[in-house]
Protein chains: 2
Amino acid sequence: MRVLGVDPGLTRCGVGVVEGVAGRPLTMVGVGVVRTPADADLGHRLVAVEQGIDQWLDEHRPEYVAVERVFSQHNVRTVMGTAQASAVAILCASRRGIPVALHTPSEVKAAVTGSGRADKAQVGAMVTRLLRLASPPKPADAADALALAICHIWRAPAQNRLQQAVTRHASRAPRTQHASKGRTT
Amino acid sequence: MRVLGVDPGLTRCGVGVVEGVAGRPLTMVGVGVVRTPADADLGHRLVAVEQGIDQWLDEHRPEYVAVERVFSQHNVRTVMGTAQASAVAILCASRRGIPVALHTPSEVKAAVTGSGRADKAQVGAMVTRLLRLASPPKPADAADALALAICHIWRAPAQNRLQQAVTRHASRAPRTQHASKGRTT
C-alpha cells in the first residue's frame with residue numbers, strides 16, 4: 001500500500017509518501033514541503049498548492065491520500081488557510097479517483113507514539129525510527145505528513161475489515177440505504 | 001464589467017452573474033445554485049463544486065469573481081465546509097487568471113441595503129429592485145451571490161482609484177517593496 005500523507009497549510013504544506021503494510025517495516029518513498037509566499041494573494045497560493053500536490057501525485061502515484069482533519073476550534077488565526085489548503089489537496093486526489101482519508105491530529109499521534117497528546121519532537125522521533133531514517137525529517141510539517149501516511153497504513157486493515165462487515169451486512173439485509181454513509185476511505 | 005458572485009457552501013453554493021458599471025442600471029446575466037449531496041464524501045463534493053464553478057466560468061466568462069470572505073468566528077459547525085467550498089471557487093478563478101475579490105458579509109449588505117446588519121429578506125428585496133427582477137431569487141444563497149457581484153461592481157471604482165494611487169506612489173518612490181501587498185483584486 002502506497003500512501004501520500006498531507007499536512008495541509010498555505011505557507012508550508014507537508015507531503016510524505018510511505019509504502020508498506022501493517023505489521024511489516026515501512027519504507028519512506030519521498031518527503032517534502034509545498035511552500036507558497038505569504039505575501040502572494042490567496043488565489044495564487046491555492047493554485048501553487050494545487051500544482052505542488054499534483055506533482056507529488058504524478059510522481060509517486062499513491063493508492064491512498066491521508067489528509068489531516070482540520071477543526072475550526074483550534075488556531076482560529078490560521079485555521080482558514082489550513083482548511084483551504086486541505087480542500088485543494090482533497091480535490092486533487094478525488095479528481096483522480098484516489099480515495100482520501102481524514103485523520104485527526106490525535107489519531108495520528110496515538111498511531112505513531114501511543115499517545116494522542118505527544119508533542120512534535122516525539123512524533124518526529126518515532127517517524128525517524130519507524131522509517132529507519134538517519135535523522136528526523138525537517139520541517140515538522142514534513143514529519144507530520146509521514147506520520148499521517150503511517151497512521152493510514154496501520155489503521156487501514158481495521159477500517160477495511162469494518163467496511164467489509166458493513167458491506168456483507170448490507171448485502172444480506174433487505175434495502176439498507178446508505179450502508180457506506182460516512183465512509184471516507 | 002461582468003462579475004460572477006459566489007456565496008460559498010458545500011450543500012448549496014450560490015452563483016450569480018451581474019453586468020454593469022457603478023452609477024448605471026445593472027443587468028442580471030444568470031443566477032443559480034451549485035448543489036452537492038450531503039451524504040457524499042467530502043472529496044466528491046469538492047469535485048462537484050469545482051465542476052459547477054468551472055461551468056459557470058465557461059458559460060459566462062466573467063472578468064472578475066467576487067467571493068464571500070469566510071470568518072472562522074461564525075457558525076463553527078458549518079464554517080469548515082464553507083471555507084473549503086470557497087477555496088475551490090477561488091482556485092477555479094485564479095487558475096484562469098481571473099482576479100478574485102473577497103468581500104465580507106457586512107460589506108455586501110451595506111453595499112446593497114445601506115446597512116451592514118440587514119437581514120436576508122432585505123438583501124433579497126434590494127437585489128430584486130436593483131436588478132429589476134420580477135421576484136426575489138431563491139434560495140437566499142442565489143440572492144446573496146448576486147448581492148456579492150453588485151457589491152463588487154460598486155466598490156471596484158474606489159478600489160481601482162486606490163490601487164492606481166498606490167501604483168503611482170510606488171513608481172515614484174525608490175524601491176517601495178510590496179506596494180500591492182494585500183490587494184485581492
# chains A, B, ... in the order shown; residues from 1 in each chain; ligands from 1
$ select_by_dssp --residues "range 10-181 of chain A" --states "strand (DSSP E)" --output "ChimeraX atom specification"
/A:12-19,27-35,64-68,100-103
$ write_last_selection --atoms "N, CA, C and O atoms" --output "compact mmCIF listing (two decimals), in the first residue's frame"
# COMPACT_ATOMS: atom_id res chain seq x y z
N ARG A 12 3.33 26.40 4.54
CA ARG A 12 4.06 25.14 4.39
C ARG A 12 3.05 24.01 4.40
O ARG A 12 2.33 23.82 5.37
N CYS A 13 3.00 23.25 3.31
CA CYS A 13 2.12 22.09 3.23
C CYS A 13 3.03 20.86 3.20
O CYS A 13 3.74 20.62 2.22
N GLY A 14 3.05 20.09 4.29
CA GLY A 14 3.93 18.92 4.36
C GLY A 14 3.40 17.79 3.52
O GLY A 14 2.19 17.54 3.49
N VAL A 15 4.29 17.09 2.80
CA VAL A 15 3.90 15.94 1.97
C VAL A 15 4.91 14.81 2.20
O VAL A 15 6.12 15.05 2.26
N GLY A 16 4.40 13.59 2.34
CA GLY A 16 5.29 12.45 2.56
C GLY A 16 4.65 11.19 2.03
O GLY A 16 3.46 10.97 2.22
N VAL A 17 5.44 10.38 1.34
CA VAL A 17 4.92 9.13 0.76
C VAL A 17 5.56 7.96 1.49
O VAL A 17 6.79 7.89 1.63
N VAL A 18 4.72 7.05 1.97
CA VAL A 18 5.19 5.86 2.68
C VAL A 18 4.59 4.62 2.01
O VAL A 18 3.43 4.65 1.60
N GLU A 19 5.41 3.57 1.92
CA GLU A 19 4.91 2.33 1.34
C GLU A 19 5.07 1.20 2.34
O GLU A 19 6.06 1.14 3.07
N THR A 27 8.53 1.78 4.44
CA THR A 27 9.58 2.46 3.67
C THR A 27 9.14 3.87 3.28
O THR A 27 8.03 4.06 2.79
N MET A 28 10.02 4.84 3.51
CA MET A 28 9.73 6.19 3.05
C MET A 28 10.10 6.28 1.57
O MET A 28 11.21 5.94 1.18
N VAL A 29 9.13 6.73 0.74
CA VAL A 29 9.38 6.86 -0.70
C VAL A 29 9.81 8.29 -1.03
O VAL A 29 10.62 8.53 -1.92
N GLY A 30 9.28 9.25 -0.30
CA GLY A 30 9.64 10.65 -0.54
C GLY A 30 9.05 11.53 0.53
O GLY A 30 8.07 11.17 1.17
N VAL A 31 9.68 12.68 0.75
CA VAL A 31 9.15 13.64 1.73
C VAL A 31 9.53 15.04 1.27
O VAL A 31 10.56 15.23 0.62
N GLY A 32 8.66 16.02 1.58
CA GLY A 32 8.96 17.39 1.17
C GLY A 32 7.92 18.36 1.70
O GLY A 32 7.06 17.99 2.51
N VAL A 33 8.03 19.58 1.24
CA VAL A 33 7.11 20.63 1.66
C VAL A 33 6.75 21.47 0.45
O VAL A 33 7.63 21.85 -0.32
N VAL A 34 5.45 21.71 0.26
CA VAL A 34 5.00 22.64 -0.78
C VAL A 34 4.85 24.00 -0.10
O VAL A 34 4.07 24.13 0.84
N ARG A 35 5.62 24.98 -0.54
CA ARG A 35 5.57 26.31 0.09
C ARG A 35 4.91 27.32 -0.83
O ARG A 35 5.08 27.24 -2.05
N TYR A 64 -3.61 5.77 -1.90
CA TYR A 64 -4.46 6.48 -0.94
C TYR A 64 -3.81 7.81 -0.61
O TYR A 64 -2.59 7.93 -0.65
N VAL A 65 -4.65 8.77 -0.25
CA VAL A 65 -4.14 10.05 0.26
C VAL A 65 -4.74 10.25 1.65
O VAL A 65 -5.95 10.10 1.84
N ALA A 66 -3.88 10.52 2.63
CA ALA A 66 -4.33 10.75 4.01
C ALA A 66 -4.07 12.22 4.35
O ALA A 66 -2.94 12.70 4.24
N VAL A 67 -5.14 12.93 4.71
CA VAL A 67 -5.04 14.38 4.99
C VAL A 67 -5.45 14.62 6.44
O VAL A 67 -6.37 13.98 6.94
N GLU A 68 -4.75 15.55 7.09
CA GLU A 68 -5.13 15.87 8.46
C GLU A 68 -6.49 16.52 8.48
O GLU A 68 -6.78 17.43 7.70
N VAL A 100 -9.56 9.31 -0.36
CA VAL A 100 -8.98 10.23 0.61
C VAL A 100 -9.48 9.85 2.00
O VAL A 100 -10.67 9.65 2.20
N ALA A 101 -8.56 9.75 2.95
CA ALA A 101 -8.94 9.51 4.34
C ALA A 101 -8.53 10.72 5.17
O ALA A 101 -7.48 11.31 4.92
N LEU A 102 -9.40 11.11 6.10
CA LEU A 102 -9.06 12.20 7.01
C LEU A 102 -8.77 11.61 8.38
O LEU A 102 -9.55 10.80 8.89
N HIS A 103 -7.64 11.98 8.97
CA HIS A 103 -7.31 11.52 10.31
C HIS A 103 -7.08 12.73 11.20
O HIS A 103 -6.47 13.71 10.78
$ calpha_fit_and_write --fixed "chain A" --moving "chain B" --output "mmCIF file with C-alpha atoms, in the first residue's frame"
data_model
loop_
_atom_site.group_PDB
_atom_site.id
_atom_site.type_symbol
_atom_site.label_atom_id
_atom_site.label_comp_id
_atom_site.auth_asym_id
_atom_site.auth_seq_id
_atom_site.Cartn_x
_atom_site.Cartn_y
_atom_site.Cartn_z
ATOM 1 C CA MET B 1 0.055 -0.013 -0.017
ATOM 2 C CA ARG B 2 1.464 3.375 -1.041
ATOM 3 C CA VAL B 3 0.091 6.386 0.820
ATOM 4 C CA LEU B 4 0.651 10.126 0.372
ATOM 5 C CA GLY B 5 0.234 11.943 3.684
ATOM 6 C CA VAL B 6 -0.609 15.654 3.519
ATOM 7 C CA ASP B 7 -0.257 18.030 6.476
ATOM 8 C CA PRO B 8 -2.203 20.938 4.960
ATOM 9 C CA GLY B 9 -1.124 24.576 5.193
ATOM 10 C CA LEU B 10 -0.789 27.579 2.906
ATOM 11 C CA THR B 11 2.699 28.671 3.983
ATOM 12 C CA ARG B 12 4.020 25.129 4.394
ATOM 13 C CA CYS B 13 2.089 22.066 3.226
ATOM 14 C CA GLY B 14 3.904 18.918 4.366
ATOM 15 C CA VAL B 15 3.883 15.930 1.979
ATOM 16 C CA GLY B 16 5.286 12.456 2.558
ATOM 17 C CA VAL B 17 4.937 9.137 0.745
ATOM 18 C CA VAL B 18 5.209 5.858 2.674
ATOM 19 C CA GLU B 19 4.948 2.330 1.324
ATOM 20 C CA GLY B 20 4.222 -0.839 3.249
ATOM 21 C CA VAL B 21 1.636 -2.900 5.079
ATOM 22 C CA ALA B 22 0.692 -3.115 8.737
ATOM 23 C CA GLY B 23 2.981 -5.463 10.672
ATOM 24 C CA ARG B 24 5.980 -5.087 8.338
ATOM 25 C CA PRO B 25 8.760 -2.481 8.274
ATOM 26 C CA LEU B 26 7.658 0.602 6.341
ATOM 27 C CA THR B 27 9.617 2.478 3.666
ATOM 28 C CA MET B 28 9.763 6.205 3.047
ATOM 29 C CA VAL B 29 9.401 6.880 -0.681
ATOM 30 C CA GLY B 30 9.639 10.664 -0.523
ATOM 31 C CA VAL B 31 9.137 13.655 1.735
ATOM 32 C CA GLY B 32 8.950 17.396 1.176
ATOM 33 C CA VAL B 33 7.091 20.632 1.662
ATOM 34 C CA VAL B 34 4.975 22.628 -0.765
ATOM 35 C CA ARG B 35 5.526 26.297 0.095
ATOM 36 C CA THR B 36 3.646 29.376 -1.053
ATOM 37 C CA PRO B 37 4.721 32.999 -0.445
ATOM 38 C CA ALA B 38 2.859 34.642 2.459
ATOM 39 C CA ASP B 39 2.593 37.926 0.539
ATOM 40 C CA ALA B 40 0.950 36.400 -2.553
ATOM 41 C CA ASP B 41 -2.809 36.637 -2.852
ATOM 42 C CA LEU B 42 -4.951 33.711 -1.744
ATOM 43 C CA GLY B 43 -5.844 32.620 -5.280
ATOM 44 C CA HIS B 44 -2.216 32.345 -6.372
ATOM 45 C CA ARG B 45 -1.361 30.452 -3.192
ATOM 46 C CA LEU B 46 -4.154 27.910 -3.759
ATOM 47 C CA VAL B 47 -3.040 27.433 -7.383
ATOM 48 C CA ALA B 48 0.532 26.842 -6.139
ATOM 49 C CA VAL B 49 -0.680 24.251 -3.605
ATOM 50 C CA GLU B 50 -2.665 22.540 -6.373
ATOM 51 C CA GLN B 51 0.382 22.394 -8.652
ATOM 52 C CA GLY B 52 2.545 21.063 -5.826
ATOM 53 C CA ILE B 53 0.107 18.305 -4.819
ATOM 54 C CA ASP B 54 -0.481 17.351 -8.465
ATOM 55 C CA GLN B 55 3.291 16.978 -8.925
ATOM 56 C CA TRP B 56 3.515 14.644 -5.938
ATOM 57 C CA LEU B 57 0.575 12.587 -7.224
ATOM 58 C CA ASP B 58 2.110 12.420 -10.719
ATOM 59 C CA GLU B 59 5.508 11.413 -9.440
ATOM 60 C CA HIS B 60 4.578 8.902 -6.731
ATOM 61 C CA ARG B 61 1.167 7.514 -7.832
ATOM 62 C CA PRO B 62 -0.144 6.796 -4.311
ATOM 63 C CA GLU B 63 -3.108 4.425 -3.880
ATOM 64 C CA TYR B 64 -4.425 6.452 -0.956
ATOM 65 C CA VAL B 65 -4.140 10.023 0.245
ATOM 66 C CA ALA B 66 -4.326 10.723 3.997
ATOM 67 C CA VAL B 67 -5.051 14.336 4.968
ATOM 68 C CA GLU B 68 -5.130 15.835 8.449
ATOM 69 C CA ARG B 69 -8.690 16.573 9.503
ATOM 70 C CA VAL B 70 -8.983 20.285 10.292
ATOM 71 C CA PHE B 71 -11.068 21.479 13.210
ATOM 72 C CA SER B 72 -12.509 24.951 13.422
ATOM 73 C CA GLN B 73 -12.032 25.074 17.199
ATOM 74 C CA HIS B 74 -8.237 25.216 17.078
ATOM 75 C CA ASN B 75 -5.881 27.996 15.983
ATOM 76 C CA VAL B 76 -8.598 30.389 14.889
ATOM 77 C CA ARG B 77 -6.047 32.652 13.195
ATOM 78 C CA THR B 78 -4.659 30.059 10.805
ATOM 79 C CA VAL B 79 -7.522 27.581 10.537
ATOM 80 C CA MET B 80 -9.046 29.142 7.400
ATOM 81 C CA GLY B 81 -5.835 28.809 5.392
ATOM 82 C CA THR B 82 -5.419 25.257 6.641
ATOM 83 C CA ALA B 83 -8.990 24.370 5.680
ATOM 84 C CA GLN B 84 -8.515 25.890 2.229
ATOM 85 C CA ALA B 85 -5.201 24.105 1.603
ATOM 86 C CA SER B 86 -6.761 20.805 2.753
ATOM 87 C CA ALA B 87 -9.677 21.349 0.350
ATOM 88 C CA VAL B 88 -7.205 21.683 -2.534
ATOM 89 C CA ALA B 89 -5.346 18.492 -1.532
ATOM 90 C CA ILE B 90 -8.605 16.518 -1.182
ATOM 91 C CA LEU B 91 -9.809 17.902 -4.528
ATOM 92 C CA CYS B 92 -6.580 16.933 -6.351
ATOM 93 C CA ALA B 93 -6.808 13.331 -5.094
ATOM 94 C CA SER B 94 -10.571 12.925 -5.596
ATOM 95 C CA ARG B 95 -10.367 14.265 -9.147
ATOM 96 C CA ARG B 96 -8.089 11.309 -9.946
ATOM 97 C CA GLY B 97 -10.349 8.831 -8.136
ATOM 98 C CA ILE B 98 -7.780 8.275 -5.372
ATOM 99 C CA PRO B 99 -9.541 7.512 -2.054
ATOM 100 C CA VAL B 100 -8.977 10.187 0.596
ATOM 101 C CA ALA B 101 -8.936 9.470 4.333
ATOM 102 C CA LEU B 102 -9.061 12.158 6.996
ATOM 103 C CA HIS B 103 -7.299 11.485 10.301
ATOM 104 C CA THR B 104 -7.370 13.746 13.336
ATOM 105 C CA PRO B 105 -4.086 14.983 14.832
ATOM 106 C CA SER B 106 -4.683 12.882 17.963
ATOM 107 C CA GLU B 107 -5.335 9.718 15.891
ATOM 108 C CA VAL B 108 -2.039 10.302 14.112
ATOM 109 C CA LYS B 109 -0.085 10.963 17.302
ATOM 110 C CA ALA B 110 -1.643 7.932 18.996
ATOM 111 C CA ALA B 111 -0.828 5.748 15.989
ATOM 112 C CA VAL B 112 2.876 6.574 15.862
ATOM 113 C CA THR B 113 3.705 7.306 19.538
ATOM 114 C CA GLY B 114 0.990 5.512 21.535
ATOM 115 C CA SER B 115 -0.252 8.827 22.940
ATOM 116 C CA GLY B 116 -2.769 11.216 21.378
ATOM 117 C CA ARG B 117 -1.089 14.066 23.266
ATOM 118 C CA ALA B 118 2.473 13.519 22.076
ATOM 119 C CA ASP B 119 4.455 16.625 21.100
ATOM 120 C CA LYS B 120 6.085 17.379 17.751
ATOM 121 C CA ALA B 121 9.521 16.146 18.864
ATOM 122 C CA GLN B 122 8.098 12.792 19.937
ATOM 123 C CA VAL B 123 6.237 12.372 16.626
ATOM 124 C CA GLY B 124 9.427 13.292 14.730
ATOM 125 C CA ALA B 125 11.474 10.797 16.759
ATOM 126 C CA MET B 126 9.040 7.946 16.118
ATOM 127 C CA VAL B 127 8.722 8.727 12.397
ATOM 128 C CA THR B 128 12.540 8.624 12.205
ATOM 129 C CA ARG B 129 12.631 5.260 13.981
ATOM 130 C CA LEU B 130 9.692 3.652 12.141
ATOM 131 C CA LEU B 131 11.039 4.627 8.720
ATOM 132 C CA ARG B 132 14.674 3.920 9.728
ATOM 133 C CA LEU B 133 15.845 7.418 8.755
ATOM 134 C CA ALA B 134 19.224 8.915 9.665
ATOM 135 C CA SER B 135 17.621 12.004 11.248
ATOM 136 C CA PRO B 136 14.136 13.489 11.825
ATOM 137 C CA PRO B 137 12.611 14.989 8.659
ATOM 138 C CA LYS B 138 12.529 18.812 8.745
ATOM 139 C CA PRO B 139 10.431 20.897 9.008
ATOM 140 C CA ALA B 140 7.886 19.403 11.412
ATOM 141 C CA ASP B 141 5.210 19.619 8.674
ATOM 142 C CA ALA B 142 7.169 17.076 6.621
ATOM 143 C CA ALA B 143 7.437 14.695 9.594
ATOM 144 C CA ASP B 144 3.711 15.139 10.292
ATOM 145 C CA ALA B 145 2.889 14.226 6.691
ATOM 146 C CA LEU B 146 4.874 10.981 7.032
ATOM 147 C CA ALA B 147 3.123 10.272 10.366
ATOM 148 C CA LEU B 148 -0.240 10.690 8.606
ATOM 149 C CA ALA B 149 0.747 8.171 5.944
ATOM 150 C CA ILE B 150 1.980 5.694 8.593
ATOM 151 C CA CYS B 151 -1.244 6.181 10.579
ATOM 152 C CA HIS B 152 -3.280 5.408 7.475
ATOM 153 C CA ILE B 153 -1.358 2.221 6.659
ATOM 154 C CA TRP B 154 -1.752 0.951 10.213
ATOM 155 C CA ARG B 155 -5.415 1.892 10.566
ATOM 156 C CA ALA B 156 -6.430 0.715 7.084
ATOM 157 C CA PRO B 157 -6.743 -3.030 7.869
ATOM 158 C CA ALA B 158 -9.187 -2.343 10.723
ATOM 159 C CA GLN B 159 -11.116 0.137 8.593
ATOM 160 C CA ASN B 160 -11.203 -2.293 5.674
ATOM 161 C CA ARG B 161 -12.466 -5.152 7.875
ATOM 162 C CA LEU B 162 -15.134 -2.858 9.298
ATOM 163 C CA GLN B 163 -16.102 -1.752 5.827
ATOM 164 C CA GLN B 164 -16.278 -5.335 4.539
ATOM 165 C CA ALA B 165 -18.495 -6.284 7.491
ATOM 166 C CA VAL B 166 -20.790 -3.332 6.768
ATOM 167 C CA THR B 167 -20.937 -4.288 3.086
ATOM 168 C CA ARG B 168 -21.714 -7.948 3.886
ATOM 169 C CA HIS B 169 -24.402 -6.851 6.318
ATOM 170 C CA ALA B 170 -25.850 -4.401 3.810
ATOM 171 C CA SER B 171 -25.968 -6.982 1.018
ATOM 172 C CA ARG B 172 -27.894 -9.399 3.266
ATOM 173 C CA ALA B 173 -30.240 -6.821 4.775
ATOM 174 C CA PRO B 174 -33.175 -5.737 2.568
ATOM 175 C CA ARG B 175 -32.734 -2.169 1.266
ATOM 176 C CA THR B 176 -30.393 -0.753 3.886
ATOM 177 C CA GLN B 177 -29.838 2.750 2.638
ATOM 178 C CA HIS B 178 -26.561 4.636 2.901
ATOM 179 C CA ALA B 179 -24.705 1.611 4.228
ATOM 180 C CA SER B 180 -21.424 3.261 3.423
ATOM 181 C CA LYS B 181 -22.410 6.721 4.663
ATOM 182 C CA GLY B 182 -19.666 8.452 6.527
ATOM 183 C CA ARG B 183 -16.934 6.350 5.010
ATOM 184 C CA THR B 184 -14.006 8.486 3.978
ATOM 185 C CA THR B 185 -11.729 5.877 2.487
#
$ select_by_dssp --residues "chain B" --states "alpha helix (DSSP H)" --output "PyMOL selection string"
chain B and resi 42-60+76-95+105-113+120-130+140-172
